[in-house]
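Asks: Before we start, here is the structure in question, set down as structure tokens.
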Amino acid sequence: SRTMGTRVSSTGVLDGRRGQKLGHTRVMGIQTAMAVLMWYTTNIGVILLNKYLLSVYGFKFPILLTLLHMISCTLCCASVVTIGLVPLQKLKSTKHAIKVATLAFVFCCSIVAGNISLRFIPVSFSQAIGATTPIFTAIFAAMFGRVESGRTYCALVPIVIGIVLASRAEPNFHLLGFSAAVLATAGRALKSVLQSLLLASGDEQLDSMNLLMYMAPMAALMLFPATIVMEGGAFSEVMELASSSTYFIVLLLLNAMFAFLVNLYNFLVTKYTSALTLQVLGNAKGVLATFISVLVFKNRVTLIGLLGYGVAIAGVVLYSNEKKRTGKERAHTLEKVRVGHS
């Protein structure tokens, strides 16, 4: 009976552990789902608000809007680090700070270009152009000596075909808006490549929130004089609009808060999921943003344009899969070499 009691006791302990593990898994699943939902909401929200402010409402200051985003990110990042939601990572040296400042310059230029594009082209077309990010990533990586396999470069062909189709069929095509969107996409790709090169060493790597905490104030310092020089009278016009319209104040505050929250939830989604899952979610988010923007702004889209966007997305998926496959092959080759030498 003593043996029997021991068995019952151990079974109860095992069941309790299983229950705890199952409960933890469920909690993590709920947290991940909420993070993804909020990432989608804030990301699509800030895009739609940017478009509304710059194109519909008549707020014609994309550099000032980006400056407000950077100020919001500076204050909010400092807050989440202070309360311990995100562990603080310190800059190691002046050289480390210069590297981050370089990224901040590319980062703010990319965002300004993206906001300029939204003044002139629909969100749907902007998202289609954004799908060309892998092309610029591959180009910049090759320029810095990181050459991919032939199959990986071939996977870029559908993206080129897709964006050509989408551009030719876009009824609201605007050269300046298109050029700004291309520059914004190239800027995002360049930042990604530079980040992998400049912050490659283990002690200099920063998570996305800490990197934003350092980049945002640097970007704000760059954007403040640029706003004065390139958007003369912007500050006085904003003050005038704010004094006469509470609605405008709410729009700006909501827009600035979303600009921070999209980065926070991107950080959380990255933390809770894998790189591959993040890539899939990002592609789906672009499609959803396109669909919602068409419903909200009612811009005309063509069947060929949608087809082009679909082909481009398929190319992005193909490129991602090829990158993953070649990465595994390289890792396997390096492992064989290491084993051979040992």
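All residue names refer to the structure tokens as shown: chains lettered A, B, ... in order, residues numbered from 1 in each chain, ligands numbered from 1 in order.
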So that I can see what lies close to Ser236 (chain A), please list as a VMD selection string the residues with an atom at most 12 Å from it, counting only C-alpha atoms and leaving out residues fewer than 5 positions away in the same chain.
Replies: chain A and resid 61 64 227 to 228 231 241 to 243
Asks: Would you write out those residues with N, CA, C and O atoms, as a PDB file, in the first residue's frame?
Replies:
ATOM      1  N   PHE A  61       3.409  68.437 -44.113  1.00  0.00           N
ATOM      2  CA  PHE A  61       4.746  68.526 -43.530  1.00  0.00           C
ATOM      3  C   PHE A  61       5.256  67.144 -43.118  1.00  0.00           C
ATOM      4  O   PHE A  61       5.255  66.797 -41.934  1.00  0.00           O
ATOM      5  N   LEU A  64       8.215  67.213 -40.495  1.00  0.00           N
ATOM      6  CA  LEU A  64       7.747  67.532 -39.146  1.00  0.00           C
ATOM      7  C   LEU A  64       6.990  66.344 -38.541  1.00  0.00           C
ATOM      8  O   LEU A  64       7.149  66.041 -37.346  1.00  0.00           O
ATOM      9  N   THR A 227      13.502  70.395 -40.650  1.00  0.00           N
ATOM     10  CA  THR A 227      12.131  70.908 -40.682  1.00  0.00           C
ATOM     11  C   THR A 227      12.126  72.422 -40.849  1.00  0.00           C
ATOM     12  O   THR A 227      11.355  72.980 -41.640  1.00  0.00           O
ATOM     13  N   ILE A 228      13.009  73.108 -40.108  1.00  0.00           N
ATOM     14  CA  ILE A 228      13.086  74.571 -40.175  1.00  0.00           C
ATOM     15  C   ILE A 228      13.504  75.031 -41.574  1.00  0.00           C
ATOM     16  O   ILE A 228      12.926  75.970 -42.144  1.00  0.00           O
ATOM     17  N   GLU A 231      10.844  72.980 -44.401  1.00  0.00           N
ATOM     18  CA  GLU A 231       9.397  73.156 -44.215  1.00  0.00           C
ATOM     19  C   GLU A 231       9.148  74.425 -43.403  1.00  0.00           C
ATOM     20  O   GLU A 231       8.573  74.397 -42.309  1.00  0.00           O
ATOM     21  N   LEU A 241      -3.200  75.286 -36.175  1.00  0.00           N
ATOM     22  CA  LEU A 241      -4.184  74.213 -36.331  1.00  0.00           C
ATOM     23  C   LEU A 241      -4.572  73.617 -34.982  1.00  0.00           C
ATOM     24  O   LEU A 241      -5.750  73.328 -34.724  1.00  0.00           O
ATOM     25  N   ALA A 242      -3.588  73.452 -34.104  1.00  0.00           N
ATOM     26  CA  ALA A 242      -3.850  72.861 -32.789  1.00  0.00           C
ATOM     27  C   ALA A 242      -4.730  73.774 -31.934  1.00  0.00           C
ATOM     28  O   ALA A 242      -5.584  73.292 -31.171  1.00  0.00           O
ATOM     29  N   SER A 243      -4.522  75.081 -32.055  1.00  0.00           N
ATOM     30  CA  SER A 243      -5.314  76.018 -31.247  1.00  0.00           C
ATOM     31  C   SER A 243      -6.762  76.112 -31.708  1.00  0.00           C
ATOM     32  O   SER A 243      -7.642  76.503 -30.946  1.00  0.00           O
TER      33      SER A 243
END
Asks: Counting only C-alpha atoms, give me one row per residue of region 219-329 of chain A with an atom at most 10 Å from an atom of region 98-108 of chain A, showing the shortest contact pair and its distance in Å to one decimal, sorted by chain then residue number, as CSV.
Replies:
residue,atom,partner,partner_atom,distance
A:Ala219,CA,A:Ala104,CA,5.5
A:Ala220,CA,A:Cys108,CA,8.4
A:Met222,CA,A:Phe105,CA,7.5
A:Leu223,CA,A:Cys108,CA,7.8
Asks: If we count only C-alpha atoms, what is near Ala78 (chain A) at a cut-off of 12 Å, once residues fewer than 2 positions away on the same chain are taken out, given as a list in words?
Replies: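 Close residues of Ala78 (chain A): Ile71, Ser72, Cys73, Thr74, Leu75, Cys76, Val80, Val81, Thr82, Ile83, Gly84, Leu85, Val86, Pro87, Leu88, Gln89, Met209, Asn210, Leu211, Leu212, Met213, Tyr214, Met215, Ala216, Pro217 and Phe260 of chain A.
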Asks: What lies within 7 Å of Phe258 (chain A) using only C-alpha atoms, ignoring chain neighbours under 4 positions off, as a ChimeraX atom specification?
Replies: /A:42,46,254,262
Asks: Just list as a count of residues only whatever in region 147-313 of chain A DSSP marks as alpha helix (DSSP H).
Replies: 137
Asks: Calculate how many Å separate CA of Tyr52 (chain A) from CA of Leu252 (chain A), rounding to one decimal.
Replies: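 Those two atoms sit 11.0 Å apart.
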Asks: Which of these, A:Gln127, A:Thr66, A:Met34, A:Glu204, has the shortest distance to Ile292 (chain A) once you count only C-alpha atoms?
Replies: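 Among A:Gln127, A:Thr66, A:Met34, A:Glu204, it is A:Gln127 that comes nearest to Ile292 (chain A).
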Asks: Could you check which of A:Val147, A:Ala234, A:Ala128, A:Ala314 is closest to Leu165 (chain A), using only C-alpha atoms?
Replies: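 Closest to Leu165 (chain A), using only C-alpha atoms: A:Ala128.
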Asks: Extract, using only C-alpha atoms, all DNA, RNA and protein residues at most 7 Å from region 266-282 of chain A, discarding same-chain residues fewer than 5 positions from it, and format them as a list in words.
Replies: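 Those residues are Thr32, Ala35, Val36, Trp39, Ser208 and Met209 of chain A.
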Asks: What gap, in Å, lies between CA of Tyr319 (chain A) and CA of Ala189 (chain A)?
Replies: 14.4 Å
Asks: Excluding Ala138 (chain A) and residues on its chain fewer than 6 positions from it, collect all residues at most 12 Å away from it, counting only C-alpha atoms, and give them as a list of chain:residue names.
Replies: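 Counting only C-alpha atoms, the residues come to A:Thr132, A:Phe144, A:Gly145, A:Arg146, A:Val147, A:Glu148, A:Ser149, A:Gly150, A:Thr152, A:Tyr153, A:Cys154, A:Ala155, A:Leu156, A:Ala186, A:Ala189, A:Leu190, A:Ser192, A:Val193, A:Val316, A:Tyr319, A:Ser320, A:Lys323.
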Asks: Any chance you can output those residues with C-alpha atoms as a PDB file, in the first residue's frame?
Replies:
ATOM      1  CA  THR A 132      10.718  45.108 -53.367  1.00  0.00           C
ATOM      2  CA  PHE A 144      29.390  45.001 -49.054  1.00  0.00           C
ATOM      3  CA  GLY A 145      30.719  41.612 -50.187  1.00  0.00           C
ATOM      4  CA  ARG A 146      27.864  39.349 -49.133  1.00  0.00           C
ATOM      5  CA  VAL A 147      27.079  37.482 -52.340  1.00  0.00           C
ATOM      6  CA  GLU A 148      24.134  35.090 -52.500  1.00  0.00           C
ATOM      7  CA  SER A 149      23.654  31.975 -54.616  1.00  0.00           C
ATOM      8  CA  GLY A 150      22.368  32.151 -58.185  1.00  0.00           C
ATOM      9  CA  THR A 152      18.540  33.223 -54.519  1.00  0.00           C
ATOM     10  CA  TYR A 153      19.014  35.987 -57.081  1.00  0.00           C
ATOM     11  CA  CYS A 154      16.676  34.192 -59.508  1.00  0.00           C
ATOM     12  CA  ALA A 155      14.016  34.280 -56.791  1.00  0.00           C
ATOM     13  CA  LEU A 156      14.043  38.093 -57.108  1.00  0.00           C
ATOM     14  CA  ALA A 186      15.873  51.212 -50.342  1.00  0.00           C
ATOM     15  CA  ALA A 189      16.997  47.647 -46.836  1.00  0.00           C
ATOM     16  CA  LEU A 190      20.185  49.689 -46.376  1.00  0.00           C
ATOM     17  CA  SER A 192      19.019  46.331 -42.317  1.00  0.00           C
ATOM     18  CA  VAL A 193      22.283  45.538 -44.125  1.00  0.00           C
ATOM     19  CA  VAL A 316       9.221  37.649 -51.552  1.00  0.00           C
ATOM     20  CA  TYR A 319      13.285  34.643 -51.887  1.00  0.00           C
ATOM     21  CA  SER A 320      12.827  34.061 -48.137  1.00  0.00           C
ATOM     22  CA  LYS A 323      17.653  32.431 -48.205  1.00  0.00           C
TER      23      LYS A 323
END
Asks: What is the distance between CA of Leu221 (chain A) and CA of Cys109 (chain A), in Å to one decimal?
Replies: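 Between CA of Leu221 (chain A) and CA of Cys109 (chain A) the gap is 12.8 Å.
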Asks: Do you know which residues are at most 12 Å from Leu118 (chain A) counting only C-alpha atoms, after dropping those on the same chain fewer than 2 positions away, and could you put them as a short mmCIF file (atom, residue, chain, number, x, y, z; two decimals) with N, CA, C and O atoms, in the first residue's frame?
Replies:
data_model
loop_
_atom_site.label_atom_id
_atom_site.label_comp_id
_atom_site.auth_asym_id
_atom_site.auth_seq_id
_atom_site.Cartn_x
_atom_site.Cartn_y
_atom_site.Cartn_z
N VAL A 46 -0.92 53.38 -38.10
CA VAL A 46 -0.03 54.51 -38.34
C VAL A 46 0.09 54.80 -39.83
O VAL A 46 0.19 55.98 -40.23
N ILE A 47 0.03 53.78 -40.67
CA ILE A 47 0.07 53.99 -42.12
C ILE A 47 -1.16 54.77 -42.58
O ILE A 47 -1.06 55.75 -43.33
N LEU A 48 -2.35 54.34 -42.11
CA LEU A 48 -3.59 55.00 -42.51
C LEU A 48 -3.66 56.43 -41.97
O LEU A 48 -4.13 57.34 -42.66
N LEU A 49 -3.20 56.63 -40.73
CA LEU A 49 -3.20 57.98 -40.15
C LEU A 49 -2.23 58.90 -40.88
O LEU A 49 -2.54 60.07 -41.13
N ASN A 50 -1.06 58.36 -41.23
CA ASN A 50 -0.10 59.15 -42.02
C ASN A 50 -0.73 59.58 -43.35
O ASN A 50 -0.61 60.74 -43.77
N LYS A 51 -1.36 58.63 -44.01
CA LYS A 51 -2.01 58.92 -45.30
C LYS A 51 -3.12 59.95 -45.13
O LYS A 51 -3.21 60.91 -45.93
N TYR A 52 -3.92 59.79 -44.10
CA TYR A 52 -5.04 60.71 -43.87
C TYR A 52 -4.54 62.13 -43.59
O TYR A 52 -5.03 63.11 -44.17
N LEU A 53 -3.54 62.24 -42.71
CA LEU A 53 -3.01 63.55 -42.35
C LEU A 53 -2.36 64.24 -43.55
O LEU A 53 -2.60 65.42 -43.81
N LEU A 54 -1.53 63.49 -44.28
CA LEU A 54 -0.71 64.08 -45.34
C LEU A 54 -1.46 64.28 -46.66
O LEU A 54 -1.14 65.17 -47.43
N SER A 55 -2.46 63.45 -46.90
CA SER A 55 -3.12 63.48 -48.21
C SER A 55 -4.56 63.97 -48.16
O SER A 55 -5.02 64.63 -49.09
N VAL A 56 -5.26 63.65 -47.09
CA VAL A 56 -6.68 64.00 -47.00
C VAL A 56 -6.90 65.24 -46.14
O VAL A 56 -7.56 66.19 -46.55
N GLY A 58 -4.74 67.47 -45.23
CA GLY A 58 -4.05 68.64 -45.76
C GLY A 58 -2.84 69.06 -44.96
O GLY A 58 -2.31 70.17 -45.15
N PHE A 59 -2.36 68.19 -44.07
CA PHE A 59 -1.14 68.46 -43.30
C PHE A 59 0.05 68.14 -44.20
O PHE A 59 0.38 66.97 -44.42
N LYS A 60 0.74 69.15 -44.71
CA LYS A 60 1.72 68.95 -45.78
C LYS A 60 3.17 69.03 -45.29
O LYS A 60 4.04 69.58 -45.96
N PHE A 61 3.41 68.44 -44.11
CA PHE A 61 4.75 68.53 -43.53
C PHE A 61 5.26 67.14 -43.12
O PHE A 61 5.25 66.80 -41.93
N PRO A 62 5.70 66.34 -44.08
CA PRO A 62 6.14 64.98 -43.76
C PRO A 62 7.38 64.93 -42.87
O PRO A 62 7.54 64.00 -42.06
N ILE A 111 12.07 57.00 -43.31
CA ILE A 111 10.72 57.31 -42.83
C ILE A 111 10.19 58.58 -43.48
O ILE A 111 9.02 58.65 -43.89
N VAL A 112 11.05 59.59 -43.61
CA VAL A 112 10.64 60.84 -44.27
C VAL A 112 10.21 60.55 -45.71
O VAL A 112 9.17 61.03 -46.18
N ALA A 113 11.01 59.77 -46.42
CA ALA A 113 10.68 59.42 -47.81
C ALA A 113 9.35 58.67 -47.89
O ALA A 113 8.54 58.92 -48.79
N GLY A 114 9.14 57.75 -46.94
CA GLY A 114 7.87 57.01 -46.91
C GLY A 114 6.68 57.93 -46.68
O GLY A 114 5.63 57.79 -47.32
N ASN A 115 6.84 58.92 -45.78
CA ASN A 115 5.76 59.86 -45.52
C ASN A 115 5.51 60.78 -46.71
O ASN A 115 4.37 61.13 -47.01
N ILE A 116 6.59 61.17 -47.39
CA ILE A 116 6.44 61.99 -48.60
C ILE A 116 5.64 61.22 -49.66
O ILE A 116 4.75 61.77 -50.32
N PHE A 120 1.31 61.49 -52.16
CA PHE A 120 1.04 61.47 -53.59
C PHE A 120 0.53 60.14 -54.15
O PHE A 120 -0.06 60.14 -55.23
N ILE A 121 0.77 59.04 -53.48
CA ILE A 121 0.31 57.74 -54.01
C ILE A 121 -0.52 57.01 -52.96
O ILE A 121 -0.36 57.26 -51.75
N PRO A 122 -1.39 56.10 -53.39
CA PRO A 122 -2.22 55.35 -52.45
C PRO A 122 -1.39 54.39 -51.59
O PRO A 122 -0.29 53.99 -51.97
N VAL A 123 -1.95 54.04 -50.44
CA VAL A 123 -1.29 53.07 -49.55
C VAL A 123 -1.08 51.75 -50.26
O VAL A 123 -0.04 51.10 -50.10
N SER A 124 -2.06 51.34 -51.06
CA SER A 124 -1.98 50.06 -51.76
C SER A 124 -0.75 50.01 -52.68
O SER A 124 -0.02 49.01 -52.71
N PHE A 125 -0.49 51.09 -53.41
CA PHE A 125 0.67 51.14 -54.30
C PHE A 125 1.96 51.22 -53.49
O PHE A 125 2.98 50.61 -53.84
N SER A 126 1.92 51.97 -52.39
CA SER A 126 3.09 52.07 -51.51
C SER A 126 3.49 50.71 -50.94
O SER A 126 4.67 50.37 -50.86
N GLN A 127 2.49 49.90 -50.57
CA GLN A 127 2.75 48.56 -50.04
C GLN A 127 3.33 47.65 -51.11
O GLN A 127 4.21 46.83 -50.84
N ILE A 129 5.20 48.63 -53.64
CA ILE A 129 6.61 49.03 -53.80
C ILE A 129 7.44 48.50 -52.64
O ILE A 129 8.59 48.08 -52.81
N ASN A 172 -3.35 55.76 -60.18
CA ASN A 172 -2.98 56.99 -59.47
C ASN A 172 -1.46 57.15 -59.40
O ASN A 172 -0.93 57.67 -58.42
N PHE A 173 -0.78 56.72 -60.46
CA PHE A 173 0.68 56.80 -60.48
C PHE A 173 1.14 58.26 -60.42
O PHE A 173 0.62 59.12 -61.12
N HIS A 174 2.12 58.52 -59.55
CA HIS A 174 2.71 59.85 -59.42
C HIS A 174 4.21 59.67 -59.30
O HIS A 174 4.69 58.95 -58.42
N LEU A 176 6.82 61.54 -58.36
CA LEU A 176 7.47 61.93 -57.11
C LEU A 176 7.12 60.95 -55.99
O LEU A 176 7.99 60.52 -55.22
N GLY A 177 5.84 60.58 -55.91
CA GLY A 177 5.40 59.63 -54.88
C GLY A 177 6.05 58.28 -55.07
O GLY A 177 6.50 57.64 -54.10
N PHE A 178 6.13 57.84 -56.33
CA PHE A 178 6.77 56.56 -56.64
C PHE A 178 8.25 56.59 -56.27
O PHE A 178 8.77 55.67 -55.64
N SER A 179 8.93 57.67 -56.64
CA SER A 179 10.37 57.80 -56.36
C SER A 179 10.63 57.82 -54.85
O SER A 179 11.58 57.19 -54.36
N ALA A 180 9.78 58.54 -54.10
CA ALA A 180 9.94 58.61 -52.65
C ALA A 180 9.71 57.24 -52.01
O ALA A 180 10.43 56.85 -51.08
N ALA A 181 8.73 56.49 -52.53
CA ALA A 181 8.46 55.16 -51.99
C ALA A 181 9.62 54.21 -52.26
O ALA A 181 9.98 53.38 -51.41
N VAL A 182 10.22 54.32 -53.45
CA VAL A 182 11.39 53.50 -53.79
C VAL A 182 12.56 53.85 -52.87
O VAL A 182 13.26 52.96 -52.35
N ALA A 184 12.35 55.11 -49.85
CA ALA A 184 12.01 54.62 -48.51
C ALA A 184 12.30 53.13 -48.39
O ALA A 184 12.85 52.67 -47.38
N SER A 293 -6.86 49.80 -46.68
CA SER A 293 -6.68 51.16 -47.23
C SER A 293 -7.60 51.41 -48.41
O SER A 293 -8.12 52.52 -48.58
#
Asks: Please determine, counting only C-alpha atoms, which residue among A:Ala256, A:Ile163, A:Pro171, A:Phe140 has the shortest atom-to-atom distance to Leu67 (chain A).
Replies: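 For Leu67 (chain A), the nearest of the candidates is A:Ala256.
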Asks: Kindly indicate which residue among A:Ile161, A:Met38, A:Ile30, A:Leu303 lies nearest to Leu264 (chain A), using only C-alpha atoms for the distances.
Replies: A:Met38
